[in-house]
>>> print(open('data-v7.csv').read())   # CSV, C-alpha atoms
chain,number,residue,atom,x,y,z
P,28,GLN,CA,-46.4,-14.5,38.1
P,29,SER,CA,-43.0,-16.1,38.0
P,30,VAL,CA,-42.2,-19.7,37.1
P,31,ALA,CA,-40.9,-20.3,40.6
P,32,ALA,CA,-44.3,-19.2,42.0
P,33,ASP,CA,-46.0,-21.9,40.0
P,34,LEU,CA,-44.4,-24.6,42.1
P,35,ASN,CA,-45.4,-26.1,45.3
P,36,ARG,CA,-42.7,-27.2,47.8
P,37,SER,CA,-42.2,-30.7,46.3
P,38,GLY,CA,-41.7,-29.4,42.8
P,39,VAL,CA,-44.7,-31.3,41.5
P,40,MET,CA,-46.7,-29.4,38.9
P,41,PRO,CA,-50.0,-27.9,39.8
P,42,ARG,CA,-52.7,-27.9,37.1
P,43,GLU,CA,-51.2,-24.8,35.3
P,44,TYR,CA,-47.9,-25.0,33.4
P,45,PRO,CA,-46.3,-23.1,30.6
P,46,PRO,CA,-48.4,-24.0,27.5
P,47,ILE,CA,-45.4,-23.9,25.3
P,48,LEU,CA,-44.4,-27.2,26.7
P,49,ASP,CA,-47.3,-28.8,24.9
P,50,GLU,CA,-45.5,-28.2,21.6
P,51,LEU,CA,-43.0,-30.9,22.6
P,52,GLU,CA,-45.7,-33.5,22.6
P,53,ARG,CA,-44.4,-35.3,25.7
P,54,GLY,CA,-47.5,-34.8,27.7
P,55,ALA,CA,-47.9,-32.6,30.8
P,56,PRO,CA,-44.6,-32.2,32.7
P,57,ALA,CA,-44.4,-34.3,35.9
P,58,ARG,CA,-42.4,-31.6,37.6
P,59,LEU,CA,-41.2,-28.0,37.1
P,60,ARG,CA,-38.4,-27.0,39.3
P,61,GLY,CA,-37.8,-23.3,39.5
P,62,LEU,CA,-34.2,-22.1,39.2
P,63,GLY,CA,-34.9,-18.6,40.5
P,64,GLY,CA,-35.6,-15.4,38.6
P,65,GLY,CA,-32.8,-13.7,36.7
P,66,CYS,CA,-32.8,-9.9,36.0
P,67,ILE,CA,-34.8,-10.5,32.8
P,68,ALA,CA,-36.5,-13.9,32.8
P,69,ASP,CA,-37.5,-16.7,35.1
P,70,ALA,CA,-36.0,-20.1,34.5
P,71,ALA,CA,-37.1,-23.6,35.3
P,72,VAL,CA,-36.3,-27.2,34.5
P,73,ALA,CA,-39.3,-29.3,33.3
P,74,GLU,CA,-39.2,-33.0,33.8
P,75,PHE,CA,-41.5,-35.4,31.9
P,76,ALA,CA,-42.8,-38.9,32.7
P,77,ASP,CA,-40.3,-40.5,30.3
P,78,GLY,CA,-37.5,-39.0,32.3
P,79,SER,CA,-36.5,-36.3,29.8
P,80,ARG,CA,-35.9,-32.8,30.9
P,81,VAL,CA,-35.8,-29.4,29.2
P,82,PHE,CA,-34.9,-25.9,30.2
P,83,VAL,CA,-37.6,-23.2,30.2
P,84,LYS,CA,-37.4,-19.5,30.3
P,85,ARG,CA,-40.3,-17.1,30.6
P,86,ALA,CA,-40.7,-13.4,30.7
P,87,ALA,CA,-43.5,-10.9,30.2
P,88,GLY,CA,-43.3,-7.4,28.6
P,89,MET,CA,-40.4,-8.1,26.3
P,90,PRO,CA,-41.9,-8.6,22.9
P,91,GLY,CA,-39.7,-10.6,20.5
P,92,MET,CA,-37.0,-11.2,23.0
P,93,PHE,CA,-37.1,-14.9,22.9
P,94,GLU,CA,-37.6,-15.2,19.2
P,95,CYS,CA,-34.4,-13.1,18.9
P,96,GLU,CA,-32.5,-15.3,21.3
P,97,ALA,CA,-33.6,-18.4,19.5
P,98,ALA,CA,-32.5,-16.9,16.1
P,99,GLY,CA,-29.1,-16.1,17.7
P,100,LEU,CA,-28.6,-19.6,19.1
P,101,ARG,CA,-29.5,-21.1,15.8
P,102,ALA,CA,-27.1,-18.9,14.0
P,103,LEU,CA,-24.3,-19.8,16.3
P,104,GLY,CA,-25.2,-23.5,16.2
P,105,ALA,CA,-25.2,-23.5,12.5
P,106,THR,CA,-21.4,-22.8,12.5
P,107,GLY,CA,-20.7,-26.1,14.3
P,108,ALA,CA,-17.8,-24.3,16.0
P,109,ILE,CA,-18.9,-24.5,19.6
P,110,ARG,CA,-21.9,-25.9,21.4
P,111,VAL,CA,-25.1,-24.0,22.1
P,112,PRO,CA,-28.3,-25.4,23.5
P,113,ARG,CA,-30.8,-26.6,20.8
P,114,VAL,CA,-33.9,-24.6,20.5
P,115,LEU,CA,-36.9,-26.9,21.1
P,116,ALA,CA,-39.8,-24.3,21.1
P,117,VAL,CA,-40.2,-20.6,21.2
P,118,SER,CA,-43.0,-18.1,21.6
P,119,SER,CA,-43.4,-14.4,22.4
P,120,ASP,CA,-43.1,-15.0,26.2
P,121,ALA,CA,-41.2,-18.3,26.5
P,122,LEU,CA,-38.3,-20.3,25.3
P,123,VAL,CA,-37.6,-24.0,25.6
P,124,LEU,CA,-34.1,-25.3,25.2
P,125,GLU,CA,-32.2,-28.5,25.3
P,126,MET,CA,-31.2,-29.3,28.9
P,127,ILE,CA,-27.4,-29.1,29.3
P,128,GLU,CA,-26.2,-31.3,32.1
P,129,ALA,CA,-23.5,-29.5,34.0
P,130,ALA,CA,-20.2,-31.2,34.7
P,131,PRO,CA,-16.7,-30.2,36.0
P,132,ARG,CA,-14.4,-28.5,33.5
P,133,ARG,CA,-12.2,-31.0,31.8
P,134,ARG,CA,-8.4,-30.5,31.6
P,135,HIS,CA,-7.3,-27.6,29.3
P,136,PHE,CA,-10.9,-26.3,29.4
P,137,PHE,CA,-10.0,-22.6,28.6
P,138,GLU,CA,-7.4,-23.6,26.0
P,139,ASN,CA,-10.1,-25.6,24.1
P,140,PHE,CA,-12.6,-22.9,24.6
P,141,GLY,CA,-10.3,-20.3,23.2
P,142,ARG,CA,-9.5,-22.4,20.1
P,143,ARG,CA,-13.2,-23.1,19.5
P,144,PHE,CA,-14.1,-19.4,19.9
P,145,ALA,CA,-11.5,-18.6,17.2
P,146,VAL,CA,-13.1,-21.2,14.9
P,147,LEU,CA,-16.4,-19.5,15.5
P,148,HIS,CA,-14.8,-16.2,14.4
P,149,ARG,CA,-13.8,-17.7,11.1
P,150,HIS,CA,-17.4,-17.7,10.0
P,151,ARG,CA,-17.8,-14.6,7.9
P,152,GLY,CA,-21.0,-12.6,7.6
P,153,LYS,CA,-21.9,-10.7,4.5
P,154,SER,CA,-22.3,-7.4,6.3
P,155,CYS,CA,-22.0,-5.7,9.7
P,156,GLY,CA,-25.3,-6.3,11.5
P,157,PHE,CA,-27.9,-9.1,11.4
P,158,PRO,CA,-31.1,-9.9,9.6
P,159,HIS,CA,-33.1,-8.3,12.5
P,160,ASP,CA,-32.7,-6.3,15.6
P,161,ASN,CA,-32.4,-8.1,18.9
P,162,TYR,CA,-31.5,-7.4,22.5
P,163,ILE,CA,-28.4,-6.9,24.6
P,164,GLY,CA,-29.7,-7.9,28.0
P,165,ALA,CA,-33.0,-6.0,28.2
P,166,THR,CA,-31.9,-3.2,25.9
P,167,PRO,CA,-32.8,-3.2,22.2
P,168,GLN,CA,-29.9,-3.8,19.9
P,169,PRO,CA,-30.3,-2.3,16.4
P,170,ASN,CA,-28.6,-4.4,13.7
P,171,GLN,CA,-29.7,-2.9,10.4
P,172,PRO,CA,-26.7,-2.2,8.2
P,173,LEU,CA,-26.1,1.5,7.7
P,174,ALA,CA,-26.7,1.1,3.9
P,175,GLY,CA,-30.2,-0.2,4.4
P,176,PRO,CA,-32.1,-3.4,5.1
P,177,TRP,CA,-30.2,-6.6,5.5
P,178,GLU,CA,-31.8,-8.2,2.5
P,179,GLY,CA,-30.2,-5.6,0.2
P,180,ALA,CA,-26.8,-5.4,2.0
P,181,GLY,CA,-23.8,-6.0,-0.1
P,182,GLU,CA,-20.5,-7.8,0.9
P,183,ASP,CA,-18.6,-5.7,3.5
P,184,ASP,CA,-14.8,-6.1,3.6
P,185,GLY,CA,-14.7,-4.4,7.0
P,186,ALA,CA,-14.5,-0.8,5.8
P,187,GLY,CA,-18.0,-0.1,7.1
P,188,TRP,CA,-17.3,-1.4,10.6
P,189,PRO,CA,-16.2,1.9,12.3
P,190,ALA,CA,-19.3,3.7,11.2
P,191,PHE,CA,-21.6,0.8,12.2
P,192,PHE,CA,-20.1,0.5,15.6
P,193,LEU,CA,-20.3,4.2,16.2
P,194,GLU,CA,-23.9,4.6,15.1
P,195,ARG,CA,-25.6,1.3,15.9
P,196,ARG,CA,-23.7,0.7,19.2
P,197,LEU,CA,-22.2,3.7,20.8
P,198,ARG,CA,-24.5,6.5,19.6
P,199,PHE,CA,-27.6,4.4,20.3
P,200,GLN,CA,-26.5,3.8,23.8
P,201,VAL,CA,-25.5,7.5,24.5
P,202,ARG,CA,-28.9,8.6,23.3
P,203,LEU,CA,-30.5,6.3,25.9
P,204,ALA,CA,-28.1,7.7,28.5
P,205,ALA,CA,-29.0,11.2,27.6
P,206,ALA,CA,-32.7,10.4,28.3
P,207,ARG,CA,-31.7,9.4,31.8
P,208,GLY,CA,-29.6,12.5,32.4
P,209,GLY,CA,-26.3,11.5,30.8
P,210,ASP,CA,-26.0,14.4,28.3
P,211,GLU,CA,-22.3,14.7,29.0
P,212,LEU,CA,-21.7,11.4,27.4
P,213,VAL,CA,-23.2,12.6,24.1
P,214,ARG,CA,-20.8,15.6,24.0
P,215,LEU,CA,-17.8,13.4,24.9
P,216,LEU,CA,-18.6,10.9,22.1
P,217,ASP,CA,-18.8,13.8,19.7
P,218,ARG,CA,-15.3,14.8,20.7
P,219,ALA,CA,-14.0,11.3,20.7
P,220,GLU,CA,-15.6,10.2,17.3
P,221,GLN,CA,-12.6,11.1,15.1
P,222,ARG,CA,-10.1,9.1,17.2
P,223,ILE,CA,-12.5,6.2,17.5
P,224,ARG,CA,-13.0,6.1,13.8
P,225,GLU,CA,-9.2,6.1,13.2
P,226,LEU,CA,-8.6,3.3,15.7
P,227,LEU,CA,-11.4,1.0,14.6
P,228,GLY,CA,-10.4,1.6,11.0
P,229,SER,CA,-6.7,0.7,11.6
P,230,ALA,CA,-7.3,-3.0,11.6
P,231,PRO,CA,-10.0,-3.7,9.0
P,232,GLU,CA,-11.3,-7.3,8.8
P,233,PRO,CA,-14.5,-8.7,7.2
P,234,PRO,CA,-17.4,-9.0,9.7
P,235,VAL,CA,-17.7,-12.4,11.4
P,236,ILE,CA,-20.4,-13.9,13.5
P,237,LEU,CA,-20.2,-12.7,17.2
P,238,HIS,CA,-21.8,-14.0,20.3
P,239,GLY,CA,-22.2,-10.4,21.2
P,240,ASP,CA,-22.3,-10.7,25.0
P,241,LEU,CA,-19.8,-13.2,26.2
P,242,TRP,CA,-18.6,-13.0,29.8
P,243,GLY,CA,-18.3,-15.5,32.6
P,244,GLY,CA,-22.1,-15.7,33.1
P,245,ASN,CA,-22.9,-16.5,29.5
P,246,TYR,CA,-21.3,-19.9,29.1
P,247,ILE,CA,-21.9,-23.1,30.9
P,248,VAL,CA,-19.9,-26.3,31.2
P,249,ASP,CA,-21.6,-29.3,29.5
P,250,GLU,CA,-21.6,-33.0,30.4
P,251,THR,CA,-18.3,-33.5,28.5
P,252,GLY,CA,-16.6,-30.7,30.5
P,253,GLU,CA,-16.5,-28.4,27.5
P,254,ALA,CA,-17.9,-24.8,27.0
P,255,CYS,CA,-21.5,-24.3,25.8
P,256,LEU,CA,-22.5,-20.7,24.9
P,257,ILE,CA,-25.8,-19.2,26.2
P,258,ASP,CA,-27.7,-15.9,26.2
P,259,PRO,CA,-26.2,-14.4,23.0
P,260,ALA,CA,-26.8,-11.0,21.4
P,261,VAL,CA,-25.7,-12.2,18.0
P,262,TYR,CA,-24.6,-10.0,15.1
P,263,ASN,CA,-21.8,-9.8,12.5
P,264,GLY,CA,-18.9,-7.5,13.3
P,265,HIS,CA,-15.3,-7.2,14.2
P,266,ARG,CA,-14.1,-10.1,16.4
P,267,GLU,CA,-12.2,-7.8,18.8
P,268,ALA,CA,-15.6,-6.6,20.0
P,269,ASP,CA,-16.4,-10.1,21.3
P,270,LEU,CA,-13.0,-10.6,22.9
P,271,ALA,CA,-13.2,-7.2,24.7
P,272,MET,CA,-16.4,-8.2,26.4
P,273,THR,CA,-14.8,-11.4,27.8
P,274,ARG,CA,-12.3,-9.2,29.6
P,275,LEU,CA,-14.7,-6.7,31.1
P,276,PHE,CA,-15.6,-8.5,34.3
P,277,GLY,CA,-12.4,-10.1,35.3
P,278,GLY,CA,-11.7,-12.0,32.1
P,279,PHE,CA,-11.1,-15.7,31.4
P,280,GLU,CA,-7.9,-17.6,32.1
P,281,ARG,CA,-4.8,-16.6,30.2
P,282,SER,CA,-4.8,-19.9,28.3
P,283,PHE,CA,-8.1,-18.9,26.6
P,284,TYR,CA,-6.5,-15.8,25.0
P,285,ASP,CA,-3.2,-17.5,24.2
P,286,ALA,CA,-5.0,-20.4,22.4
P,287,TYR,CA,-7.3,-18.0,20.6
P,288,ASN,CA,-4.3,-15.9,19.4
P,289,GLU,CA,-2.5,-19.0,18.2
P,290,GLU,CA,-5.5,-20.1,16.2
P,291,LEU,CA,-6.4,-16.6,14.9
P,292,PRO,CA,-3.9,-13.9,15.7
P,293,LEU,CA,-5.0,-10.5,16.6
P,294,ALA,CA,-3.8,-7.4,14.8
P,295,PRO,CA,-1.4,-5.0,16.4
P,296,GLY,CA,-3.0,-2.2,18.4
P,297,HIS,CA,-5.9,-4.4,19.7
P,298,GLU,CA,-5.2,-3.3,23.3
P,299,GLU,CA,-5.7,0.3,22.4
P,300,ARG,CA,-9.0,-0.5,20.7
P,301,LEU,CA,-10.3,-2.8,23.6
P,302,PRO,CA,-11.7,0.0,25.8
P,303,ILE,CA,-13.8,1.3,22.9
P,304,TYR,CA,-15.5,-2.0,22.5
P,305,GLN,CA,-15.9,-2.4,26.2
P,306,LEU,CA,-17.6,1.1,26.3
P,307,TYR,CA,-20.7,-0.3,24.5
P,308,HIS,CA,-21.3,-2.7,27.4
P,309,VAL,CA,-20.4,-0.2,30.1
P,310,LEU,CA,-22.9,2.2,28.6
P,311,ASN,CA,-25.5,-0.5,28.4
P,312,HIS,CA,-25.0,-1.3,32.1
P,313,TYR,CA,-25.4,2.4,32.9
P,314,ASN,CA,-28.7,2.4,31.0
P,315,LEU,CA,-29.9,-0.7,32.7
P,316,PHE,CA,-28.6,-0.2,36.2
P,317,GLY,CA,-27.2,3.3,36.6
P,318,GLY,CA,-24.6,3.7,39.4
P,319,GLY,CA,-20.9,3.9,38.8
P,320,TYR,CA,-21.2,2.9,35.1
P,321,PHE,CA,-21.7,6.5,34.2
P,322,ASP,CA,-18.3,7.5,35.6
P,323,GLN,CA,-16.7,4.4,34.0
P,324,SER,CA,-18.2,5.4,30.6
P,325,ARG,CA,-17.0,9.0,31.0
P,326,ARG,CA,-13.5,7.9,31.8
P,327,ILE,CA,-13.3,5.7,28.7
P,328,LEU,CA,-14.6,8.5,26.4
P,329,ARG,CA,-12.3,11.1,27.9
P,330,ARG,CA,-9.3,8.8,26.9
P,331,TYR,CA,-10.2,9.3,23.3
P,332,ALA,CA,-11.8,12.8,23.3
P,333,ALA,CA,-10.1,15.7,21.6
P,334,GLY,CA,-9.8,19.2,23.0
>>> encode(input="data-v7.csv", output="structure tokens")
Amino acid sequence: QSVAADLNRSGVMPREYPPILDELERGAPARLRGLGGGCIADAAVAEFADGSRVFVKRAAGMPGMFECEAAGLRALGATGAIRVPRVLAVSSDALVLEMIEAAPRRRHFFENFGRRFAVLHRHRGKSCGFPHDNYIGATPQPNQPLAGPWEGAGEDDGAGWPAFFLERRLRFQVRLAAARGGDELVRLLDRAEQRIRELLGSAPEPPVILHGDLWGGNYIVDETGEACLIDPAVYNGHREADLAMTRLFGGFERSFYDAYNEELPLAPGHEERLPIYQLYHVLNHYNLFGGGYFDQSRRILRRYAAG
């Protein structure tokens, strides 16, 4: 049953409400206003008698998803580079976040956003990957370093990135695609692997913390008119992977990229590498939604395939 179904027309809470809200020790919520179901989770705003409000997400059948999201938000927040909602409570089927009050974008919004995103990318991780696996949308995202568990991972200067991206990102997704009939993508990746390795290895950088899934739907504008990141798929990797995703569905305003590049210049050849990084998300969309994402994935792989 969805959060929205818990409400009556006035938005006043019936007797039942998400029990995770009791962890806030504010009493039972006076109202729970449904925001409609997303493709993965239902969302609502809970309002308490003292006038405070929180954002609540709930979903069933996705074990560990919210714990992973909470860990990602905390990791991003710990950098102090750019705002993310504070995690107030988390369980296996629910997540409670600080309520971000939306406001219009302030002047130079995308310029400020680009500079802050570059500051985020100055925060180095010890190795490609993350302390635990998480999700990209509803798809599992494996994050264990290729050398073994995170706890034993050594410092990575970036040399391990091409192999990590190929195995943990592209090959994982094409295996899922093969299970739904996309065997051709496996063969194309085999043919493209050498060129992909060469390109990804041509601009080595130490791994940095990534949002992992930043597009126009995964940031909001806070009460100060600045960007606030939401719905991450955090791991440590090459920053070009983050920027490639921002350009997949129309992109941000030019001032975002100009400001980013002024703060943290990109290496030559990044435009040639961009479709490789976008391929991960296109493959994921094929595995989630099917449709034309198969042809888009095939076109990208053919660009780099030998023979």
>>> closest_atom_pairs(input="data-v7.csv", of="segment 240-330 of chain P", to="segment 154-173 of chain P", cutoff="6 Å", atoms="only C-alpha atoms", output="tab-separated table")
residue	atom	partner	partner_atom	distance
P:Ala260	CA	P:Ile163	CA	5.4
P:Tyr262	CA	P:Phe157	CA	5.0
P:Asn263	CA	P:Cys155	CA	5.0
P:Gly264	CA	P:Cys155	CA	5.1
>>> closest_residue(input="data-v7.csv", among="P:Leu256, P:Ala186, P:Ala57, P:Met92", to="Glu43 of chain P", atoms="all atoms listed in the file")
P:Ala57
>>> residues_around(input="data-v7.csv", residues="His265 of chain P", least_positions_apart="5", cutoff="7 Å", atoms="all atoms listed in the file", output="list in words")
Glu232, Pro234 and Val235 of chain P
>>> atom_distance(input="data-v7.csv", atom1="atom CA of Gly78 of chain P", atom2="atom CA of Leu59 of chain P")
12.6 Å
>>> atom_distance(input="data-v7.csv", atom1="atom CA of Pro189 of chain P", atom2="atom CA of Gly278 of chain P")
24.6 Å
>>> atom_distance(input="data-v7.csv", atom1="atom CA of Arg195 of chain P", atom2="atom CA of Val213 of chain P")
14.2 Å
>>> residues_around(input="data-v7.csv", residues="segment 297-307 of chain P", least_positions_apart="6", cutoff="7 Å", atoms="only C-alpha atoms", output="list of chain:residue names")
P:Arg196, P:Leu197, P:Leu226, P:Leu227, P:Ala268, P:Ala271, P:Met272, P:Leu275, P:Ser324, P:Ile327
>>> write_last_selection(input="data-v7.csv", atoms="C-alpha atoms", output="compact mmCIF listing (two decimals), keeping the file's coordinate frame")
# COMPACT_ATOMS: atom_id res chain seq x y z
CA ARG P 196 -23.70 0.70 19.20
CA LEU P 197 -22.20 3.70 20.80
CA LEU P 226 -8.60 3.30 15.70
CA LEU P 227 -11.40 1.00 14.60
CA ALA P 268 -15.60 -6.60 20.00
CA ALA P 271 -13.20 -7.20 24.70
CA MET P 272 -16.40 -8.20 26.40
CA LEU P 275 -14.70 -6.70 31.10
CA SER P 324 -18.20 5.40 30.60
CA ILE P 327 -13.30 5.70 28.70
>>> closest_residue(input="data-v7.csv", among="P:Val72, P:Ala180, P:Ile236, P:Phe191", to="Ala105 of chain P", atoms="only C-alpha atoms")
P:Ile236
>>> closest_residue(input="data-v7.csv", among="P:Arg329, P:Leu241, P:Gly175, P:Gln221", to="Glu267 of chain P", atoms="only C-alpha atoms")
P:Leu241
>>> residues_near_point(input="data-v7.csv", point="(-14.3, -12.5, 25.3)", cutoff="12 Å", atoms="all atoms listed in the file", output="VMD selection string")
chain P and resid 137 140 to 141 144 to 145 148 237 to 246 256 266 to 281 283 to 284 287 301 304 to 305
>>> write_last_selection(input="data-v7.csv", atoms="C-alpha atoms", output="tab-separated table (two decimals), in the frame of the given file")
chain	number	residue	atom	x	y	z
P	137	PHE	CA	-10.00	-22.60	28.60
P	140	PHE	CA	-12.60	-22.90	24.60
P	141	GLY	CA	-10.30	-20.30	23.20
P	144	PHE	CA	-14.10	-19.40	19.90
P	145	ALA	CA	-11.50	-18.60	17.20
P	148	HIS	CA	-14.80	-16.20	14.40
P	237	LEU	CA	-20.20	-12.70	17.20
P	238	HIS	CA	-21.80	-14.00	20.30
P	239	GLY	CA	-22.20	-10.40	21.20
P	240	ASP	CA	-22.30	-10.70	25.00
P	241	LEU	CA	-19.80	-13.20	26.20
P	242	TRP	CA	-18.60	-13.00	29.80
P	243	GLY	CA	-18.30	-15.50	32.60
P	244	GLY	CA	-22.10	-15.70	33.10
P	245	ASN	CA	-22.90	-16.50	29.50
P	246	TYR	CA	-21.30	-19.90	29.10
P	256	LEU	CA	-22.50	-20.70	24.90
P	266	ARG	CA	-14.10	-10.10	16.40
P	267	GLU	CA	-12.20	-7.80	18.80
P	268	ALA	CA	-15.60	-6.60	20.00
P	269	ASP	CA	-16.40	-10.10	21.30
P	270	LEU	CA	-13.00	-10.60	22.90
P	271	ALA	CA	-13.20	-7.20	24.70
P	272	MET	CA	-16.40	-8.20	26.40
P	273	THR	CA	-14.80	-11.40	27.80
P	274	ARG	CA	-12.30	-9.20	29.60
P	275	LEU	CA	-14.70	-6.70	31.10
P	276	PHE	CA	-15.60	-8.50	34.30
P	277	GLY	CA	-12.40	-10.10	35.30
P	278	GLY	CA	-11.70	-12.00	32.10
P	279	PHE	CA	-11.10	-15.70	31.40
P	280	GLU	CA	-7.90	-17.60	32.10
P	281	ARG	CA	-4.80	-16.60	30.20
P	283	PHE	CA	-8.10	-18.90	26.60
P	284	TYR	CA	-6.50	-15.80	25.00
P	287	TYR	CA	-7.30	-18.00	20.60
P	301	LEU	CA	-10.30	-2.80	23.60
P	304	TYR	CA	-15.50	-2.00	22.50
P	305	GLN	CA	-15.90	-2.40	26.20
>>> closest_residue(input="data-v7.csv", among="P:Ala87, P:Ala294, P:Leu310, P:Leu51", to="Leu203 of chain P", atoms="all atoms listed in the file")
P:Leu310
>>> closest_residue(input="data-v7.csv", among="P:Val201, P:Ala254, P:Leu216, P:Ala286", to="Tyr331 of chain P", atoms="all atoms listed in the file")
P:Leu216
>>> closest_residue(input="data-v7.csv", among="P:Val81, P:Ala230, P:Ala102, P:Ala73", to="Glu125 of chain P", atoms="all atoms listed in the file")
P:Val81
>>> residues_near_point(input="data-v7.csv", point="(-11.9, -15.5, 4.3)", cutoff="10 Å", atoms="all atoms listed in the file", output="list in words")
Arg149, His150, Arg151, Asp184, Glu232, Pro233 and Val235 of chain P
>>> residues_around(input="data-v7.csv", residues="Ala97 of chain P", least_positions_apart="2", cutoff="8 Å", atoms="only C-alpha atoms", output="ChimeraX atom specification")
/P:93-95,99-101,114,117,122
>>> decode(input="data-v7.csv", residues="segment 78-133 of chain P", atoms="C-alpha atoms", output="PDB file, in the first residue's frame")
ATOM      1  CA  GLY P  78       4.863  22.896  12.803  1.00  0.00           C
ATOM      2  CA  SER P  79       8.001  21.010  11.767  1.00  0.00           C
ATOM      3  CA  ARG P  80       7.974  18.965   8.572  1.00  0.00           C
ATOM      4  CA  VAL P  81      10.021  16.094   7.209  1.00  0.00           C
ATOM      5  CA  PHE P  82      10.265  14.264   3.905  1.00  0.00           C
ATOM      6  CA  VAL P  83       9.406  10.547   3.957  1.00  0.00           C
ATOM      7  CA  LYS P  84      10.131   7.884   1.334  1.00  0.00           C
ATOM      8  CA  ARG P  85       8.791   4.339   1.510  1.00  0.00           C
ATOM      9  CA  ALA P  86       9.184   1.270  -0.674  1.00  0.00           C
ATOM     10  CA  ALA P  87       8.761  -2.460  -0.290  1.00  0.00           C
ATOM     11  CA  GLY P  88      10.805  -5.249  -1.814  1.00  0.00           C
ATOM     12  CA  MET P  89      14.095  -3.318  -2.118  1.00  0.00           C
ATOM     13  CA  PRO P  90      16.198  -4.598   0.805  1.00  0.00           C
ATOM     14  CA  GLY P  91      18.963  -2.246   1.816  1.00  0.00           C
ATOM     15  CA  MET P  92      18.048   0.448  -0.706  1.00  0.00           C
ATOM     16  CA  PHE P  93      17.337   3.188   1.820  1.00  0.00           C
ATOM     17  CA  GLU P  94      20.305   2.325   4.014  1.00  0.00           C
ATOM     18  CA  CYS P  95      22.456   2.673   0.892  1.00  0.00           C
ATOM     19  CA  GLU P  96      20.888   6.002  -0.015  1.00  0.00           C
ATOM     20  CA  ALA P  97      21.394   7.278   3.516  1.00  0.00           C
ATOM     21  CA  ALA P  98      25.064   6.266   3.446  1.00  0.00           C
ATOM     22  CA  GLY P  99      25.534   8.044   0.134  1.00  0.00           C
ATOM     23  CA  LEU P 100      23.890  11.228   1.378  1.00  0.00           C
ATOM     24  CA  ARG P 101      26.052  11.208   4.489  1.00  0.00           C
ATOM     25  CA  ALA P 102      29.203  10.703   2.433  1.00  0.00           C
ATOM     26  CA  LEU P 103      28.337  13.622   0.166  1.00  0.00           C
ATOM     27  CA  GLY P 104      27.329  15.774   3.112  1.00  0.00           C
ATOM     28  CA  ALA P 105      30.585  15.070   4.915  1.00  0.00           C
ATOM     29  CA  THR P 106      32.501  16.899   2.168  1.00  0.00           C
ATOM     30  CA  GLY P 107      30.763  20.189   2.929  1.00  0.00           C
ATOM     31  CA  ALA P 108      31.005  21.008  -0.781  1.00  0.00           C
ATOM     32  CA  ILE P 109      27.335  21.125  -1.700  1.00  0.00           C
ATOM     33  CA  ARG P 110      24.107  20.721   0.199  1.00  0.00           C
ATOM     34  CA  VAL P 111      22.301  17.407   0.586  1.00  0.00           C
ATOM     35  CA  PRO P 112      19.280  16.686   2.831  1.00  0.00           C
ATOM     36  CA  ARG P 113      20.200  15.536   6.336  1.00  0.00           C
ATOM     37  CA  VAL P 114      19.250  11.948   7.125  1.00  0.00           C
ATOM     38  CA  LEU P 115      16.917  11.918  10.146  1.00  0.00           C
ATOM     39  CA  ALA P 116      15.973   8.225  10.261  1.00  0.00           C
ATOM     40  CA  VAL P 117      16.372   5.161   8.068  1.00  0.00           C
ATOM     41  CA  SER P 118      15.054   1.599   8.025  1.00  0.00           C
ATOM     42  CA  SER P 119      14.829  -1.268   5.551  1.00  0.00           C
ATOM     43  CA  ASP P 120      11.678   0.147   3.974  1.00  0.00           C
ATOM     44  CA  ALA P 121      11.672   3.870   4.774  1.00  0.00           C
ATOM     45  CA  LEU P 122      13.860   6.954   4.809  1.00  0.00           C
ATOM     46  CA  VAL P 123      13.182  10.248   6.602  1.00  0.00           C
ATOM     47  CA  LEU P 124      15.043  13.324   5.417  1.00  0.00           C
ATOM     48  CA  GLU P 125      15.284  16.972   6.277  1.00  0.00           C
ATOM     49  CA  MET P 126      12.538  18.870   4.465  1.00  0.00           C
ATOM     50  CA  ILE P 127      14.040  21.164   1.842  1.00  0.00           C
ATOM     51  CA  GLU P 128      11.811  24.163   1.192  1.00  0.00           C
ATOM     52  CA  ALA P 129      11.873  24.918  -2.518  1.00  0.00           C
ATOM     53  CA  ALA P 130      12.522  28.424  -3.801  1.00  0.00           C
ATOM     54  CA  PRO P 131      13.278  30.015  -7.167  1.00  0.00           C
ATOM     55  CA  ARG P 132      16.820  29.736  -8.473  1.00  0.00           C
ATOM     56  CA  ARG P 133      18.962  32.653  -7.465  1.00  0.00           C
TER      57      ARG P 133
END
